[in-house]
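Just below is one structure, and these are the notes that go with it.
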Amino acid sequence: FDSVPVEKFSLKEVLITFQSCLTDSQEIVTDSYVNGWRGLVRFMNSLGSIFSFISKDAVNKIQIMVTHRNGENGDKYETLQSMVKYELDNNLVDLQRRAEHPESGCRTLLRLHRALRWLELFLEKLRTSTEDSKTSVMCTDAYNDSLAQHHAWIIRKAATMAFCALPGRAAFFQTMNVGSTEQVVAMLGEAMPFISKVYEITEELYKQHNLLELP
Ligand code: 1PX
């Protein structure tokens, strides 16, 4: 077995998934959104086991969404818009404190949505970075400007420590498997508008329904 083909894993395919999230009527397709996260988690796992406490939580949230999709009312979860409507209309969301519905699609998705903001900020920093930029610093700055505001001190501490283990910029770009630095920068420029769009639409949806602080 000396020539078992190693599956070539490119971050480009992952980021492009977010493009396929959007329907013509600007709804967000749950399955594609979740698949985007699956790919991201796979990429993160390739960076080392120090990130496994993060990927465990992400996988857990992905699984909750998959369970909703596979459930009896799975069709109600086809898009994020239909999910919000269905769960709110049927009182399936804990609005004040976690109680009967600790794993609602709405609150679970909100966590991923906040993490998508981190991704957006981090990718933009990577895209505009220079040779001497530090990935750990870019990652920490992106985190502090987004997710950290929603995390307890102990999580922030653990996350910030893990970021220090990120490979340097050159090695990080290589792990992405996209090609030269120029190609990475071009790919990020191409993929980012879709991620931003998906983020924006979700943010607006949650804002409209007053769901941005779900416990
Ligand atoms: C080119 C860059 C690509 C990098 C891809 C990396 C994908 C990262 C996926 C991270 C997903 C994190 C989801 C976190 C959701 C969350 O906020 N959960 C917390 C709240 O949940 P709860 O149910 O309690 O209300 C939960 O407490 C989280 C615990 C785990 C720690 C979360 C730290 C998040 C750091 C995100 C940055 C990842 C950096 C990876 C390095 C590349």
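Scheme for the structure tokens: letters A, B, ... for chains in order shown; per-chain residue numbers from 1; ligand numbers from 1 in order shown.
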Selection as a ChimeraX atom specification: residues within 7 Å of ligand 1 by only C-alpha atoms and all ligand atoms
/A:37,40-41,43-44,51,53-55,57-58,108,111-112,114-115,118-119,122-123,139,143,147,151,155,159,163,166,176,215
Identify, on the basis of only C-alpha atoms, every residue whose closest approach to range 15-28 of chain A does not exceed 6 Å; exclude the query and any residue fewer than 2 positions from it along the same chain; express the result as a list in words.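 So, after excluding close chain neighbours, the residues are Lys12, Glu13, Ser32, Tyr33, Gly36, Thr79, Leu80, Ala191, Phe194 and Ile195 of chain A.
The list of residues with at least one atom within 12 Å of Val137 in chain A, based on only C-alpha atoms and without residues fewer than 4 positions apart in the same chain, reads Phe122, Lys125, Leu126, Ser129, Asp132, Ser133, Asp141, Ala142, Tyr143, Asn144, Thr160, Met161, Ala162, Phe163, Cys164, Ala165, Leu166, Pro167, Gly168 and Arg169 of chain A.
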- prompt: Mind checking DSSP for range 90-160 of chain A and telling me the alpha helix (DSSP H) residues as a ChimeraX atom specification?
  reply: /A:105-127,135-144,153-160
The selected residues should be written to file as a PDB file, in the first residue's frame (atoms: C-alpha atoms).
```pdb
ATOM      1  CA  GLY A 105     -31.990  25.396  16.122  1.00  0.00           C
ATOM      2  CA  CYS A 106     -32.123  29.146  16.698  1.00  0.00           C
ATOM      3  CA  ARG A 107     -29.763  29.274  19.682  1.00  0.00           C
ATOM      4  CA  THR A 108     -27.437  26.643  18.240  1.00  0.00           C
ATOM      5  CA  LEU A 109     -27.176  28.398  14.909  1.00  0.00           C
ATOM      6  CA  LEU A 110     -26.533  31.699  16.686  1.00  0.00           C
ATOM      7  CA  ARG A 111     -23.297  30.246  18.106  1.00  0.00           C
ATOM      8  CA  LEU A 112     -22.118  29.225  14.665  1.00  0.00           C
ATOM      9  CA  HIS A 113     -23.205  32.570  13.295  1.00  0.00           C
ATOM     10  CA  ARG A 114     -21.042  34.395  15.831  1.00  0.00           C
ATOM     11  CA  ALA A 115     -18.144  32.129  14.930  1.00  0.00           C
ATOM     12  CA  LEU A 116     -18.686  32.993  11.261  1.00  0.00           C
ATOM     13  CA  ARG A 117     -17.984  36.622  12.170  1.00  0.00           C
ATOM     14  CA  TRP A 118     -14.683  35.529  13.667  1.00  0.00           C
ATOM     15  CA  LEU A 119     -13.927  33.672  10.432  1.00  0.00           C
ATOM     16  CA  GLU A 120     -14.777  36.697   8.340  1.00  0.00           C
ATOM     17  CA  LEU A 121     -12.461  38.930  10.373  1.00  0.00           C
ATOM     18  CA  PHE A 122      -9.668  36.376  10.454  1.00  0.00           C
ATOM     19  CA  LEU A 123      -9.785  35.684   6.711  1.00  0.00           C
ATOM     20  CA  GLU A 124      -9.723  39.398   5.958  1.00  0.00           C
ATOM     21  CA  LYS A 125      -6.653  39.779   8.148  1.00  0.00           C
ATOM     22  CA  LEU A 126      -4.980  36.848   6.413  1.00  0.00           C
ATOM     23  CA  ARG A 127      -5.838  38.261   3.018  1.00  0.00           C
ATOM     24  CA  THR A 135      -1.252  34.225  12.470  1.00  0.00           C
ATOM     25  CA  SER A 136      -1.679  33.941  16.237  1.00  0.00           C
ATOM     26  CA  VAL A 137      -2.001  37.716  16.559  1.00  0.00           C
ATOM     27  CA  MET A 138      -4.432  37.971  13.633  1.00  0.00           C
ATOM     28  CA  CYS A 139      -6.484  35.136  15.045  1.00  0.00           C
ATOM     29  CA  THR A 140      -6.537  36.617  18.556  1.00  0.00           C
ATOM     30  CA  ASP A 141      -7.474  40.084  17.287  1.00  0.00           C
ATOM     31  CA  ALA A 142     -10.311  38.638  15.195  1.00  0.00           C
ATOM     32  CA  TYR A 143     -11.473  36.613  18.187  1.00  0.00           C
ATOM     33  CA  ASN A 144     -11.395  39.559  20.590  1.00  0.00           C
ATOM     34  CA  TRP A 153     -13.200  34.088  30.901  1.00  0.00           C
ATOM     35  CA  ILE A 154     -12.013  30.493  31.077  1.00  0.00           C
ATOM     36  CA  ILE A 155     -12.975  29.804  27.445  1.00  0.00           C
ATOM     37  CA  ARG A 156     -11.285  33.014  26.326  1.00  0.00           C
ATOM     38  CA  LYS A 157      -8.174  31.972  28.178  1.00  0.00           C
ATOM     39  CA  ALA A 158      -8.111  28.499  26.640  1.00  0.00           C
ATOM     40  CA  ALA A 159      -8.850  29.802  23.150  1.00  0.00           C
ATOM     41  CA  THR A 160      -6.144  32.454  23.323  1.00  0.00           C
TER      42      THR A 160
END
```
As a check of understanding: the span from CA of Thr130 in chain A to CA of Arg38 in chain A is 28.8 Å
What gap, in Å, lies between CA of Leu95 in chain A and CA of Ala152 in chain A?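 Distance reported for this atom pair: 19.9 Å.
For the set A:Arg69, A:Ala171, A:Glu203, A:Pro193, the residue with the smallest atom-to-atom gap to Ser82 in chain A is A:Arg69, counting only C-alpha atoms.
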Q.
Please list as a ChimeraX atom specification every residue within 12 Å of Asn177 in chain A, counting only C-alpha atoms and excluding residues in the same chain fewer than 4 positions away.
A. /A:7-14,43,46,170-173,181,183-184,187
For those residues, write N, CA and C atoms to a file as a short mmCIF file (atom, residue, chain, number, x, y, z; two decimals), in the first residue's frame.
```cif
data_model
loop_
_atom_site.label_atom_id
_atom_site.label_comp_id
_atom_site.auth_asym_id
_atom_site.auth_seq_id
_atom_site.Cartn_x
_atom_site.Cartn_y
_atom_site.Cartn_z
N GLU A 7 -6.21 12.07 -0.05
CA GLU A 7 -7.20 13.01 -0.54
C GLU A 7 -6.67 14.43 -0.40
N LYS A 8 -6.67 15.13 -1.49
CA LYS A 8 -6.17 16.49 -1.43
C LYS A 8 -7.24 17.41 -0.87
N PHE A 9 -6.90 18.03 0.21
CA PHE A 9 -7.88 18.82 0.94
C PHE A 9 -7.59 20.30 0.74
N SER A 10 -8.47 20.97 0.04
CA SER A 10 -8.21 22.38 -0.19
C SER A 10 -9.26 23.24 0.51
N LEU A 11 -8.78 24.28 1.15
CA LEU A 11 -9.70 25.16 1.86
C LEU A 11 -10.61 25.92 0.90
N LYS A 12 -10.17 25.95 -0.37
CA LYS A 12 -10.98 26.65 -1.36
C LYS A 12 -12.38 26.03 -1.47
N GLU A 13 -12.41 24.72 -1.55
CA GLU A 13 -13.70 24.02 -1.67
C GLU A 13 -14.59 24.31 -0.46
N VAL A 14 -13.95 24.39 0.69
CA VAL A 14 -14.71 24.64 1.92
C VAL A 14 -15.35 26.03 1.88
N PHE A 43 -10.65 21.18 8.51
CA PHE A 43 -9.40 21.94 8.33
C PHE A 43 -8.76 22.21 9.69
N SER A 46 -6.89 19.41 11.13
CA SER A 46 -5.59 19.14 10.51
C SER A 46 -4.49 20.02 11.10
N ALA A 170 3.40 31.37 6.60
CA ALA A 170 3.77 30.58 5.43
C ALA A 170 3.26 29.14 5.55
N ALA A 171 3.49 28.54 6.72
CA ALA A 171 3.05 27.16 6.94
C ALA A 171 1.52 27.08 6.94
N PHE A 172 0.90 28.10 7.49
CA PHE A 172 -0.56 28.12 7.54
C PHE A 172 -1.14 28.16 6.13
N PHE A 173 -0.57 29.02 5.30
CA PHE A 173 -1.02 29.10 3.91
C PHE A 173 -0.83 27.77 3.20
N THR A 181 1.19 32.02 -2.26
CA THR A 181 0.59 33.10 -1.46
C THR A 181 -0.36 33.94 -2.30
N GLN A 183 -2.05 33.01 -4.84
CA GLN A 183 -3.28 32.24 -5.08
C GLN A 183 -4.17 32.21 -3.84
N VAL A 184 -3.54 32.12 -2.67
CA VAL A 184 -4.31 32.14 -1.42
C VAL A 184 -5.04 33.48 -1.30
N MET A 187 -7.86 33.64 -3.76
CA MET A 187 -8.96 32.76 -3.33
C MET A 187 -9.76 33.41 -2.21
#
```
*When distances are computed from only C-alpha atoms, which of A:Ser146, A:Thr175, A:Thr67, A:Gln81 shows the smallest separation from Ile201 in chain A?*
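The closest residue to Ile201 in chain A is A:Gln81.
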What separates CA of Arg42 in chain A and CA of Val59 in chain A is a distance of 9.9 Å
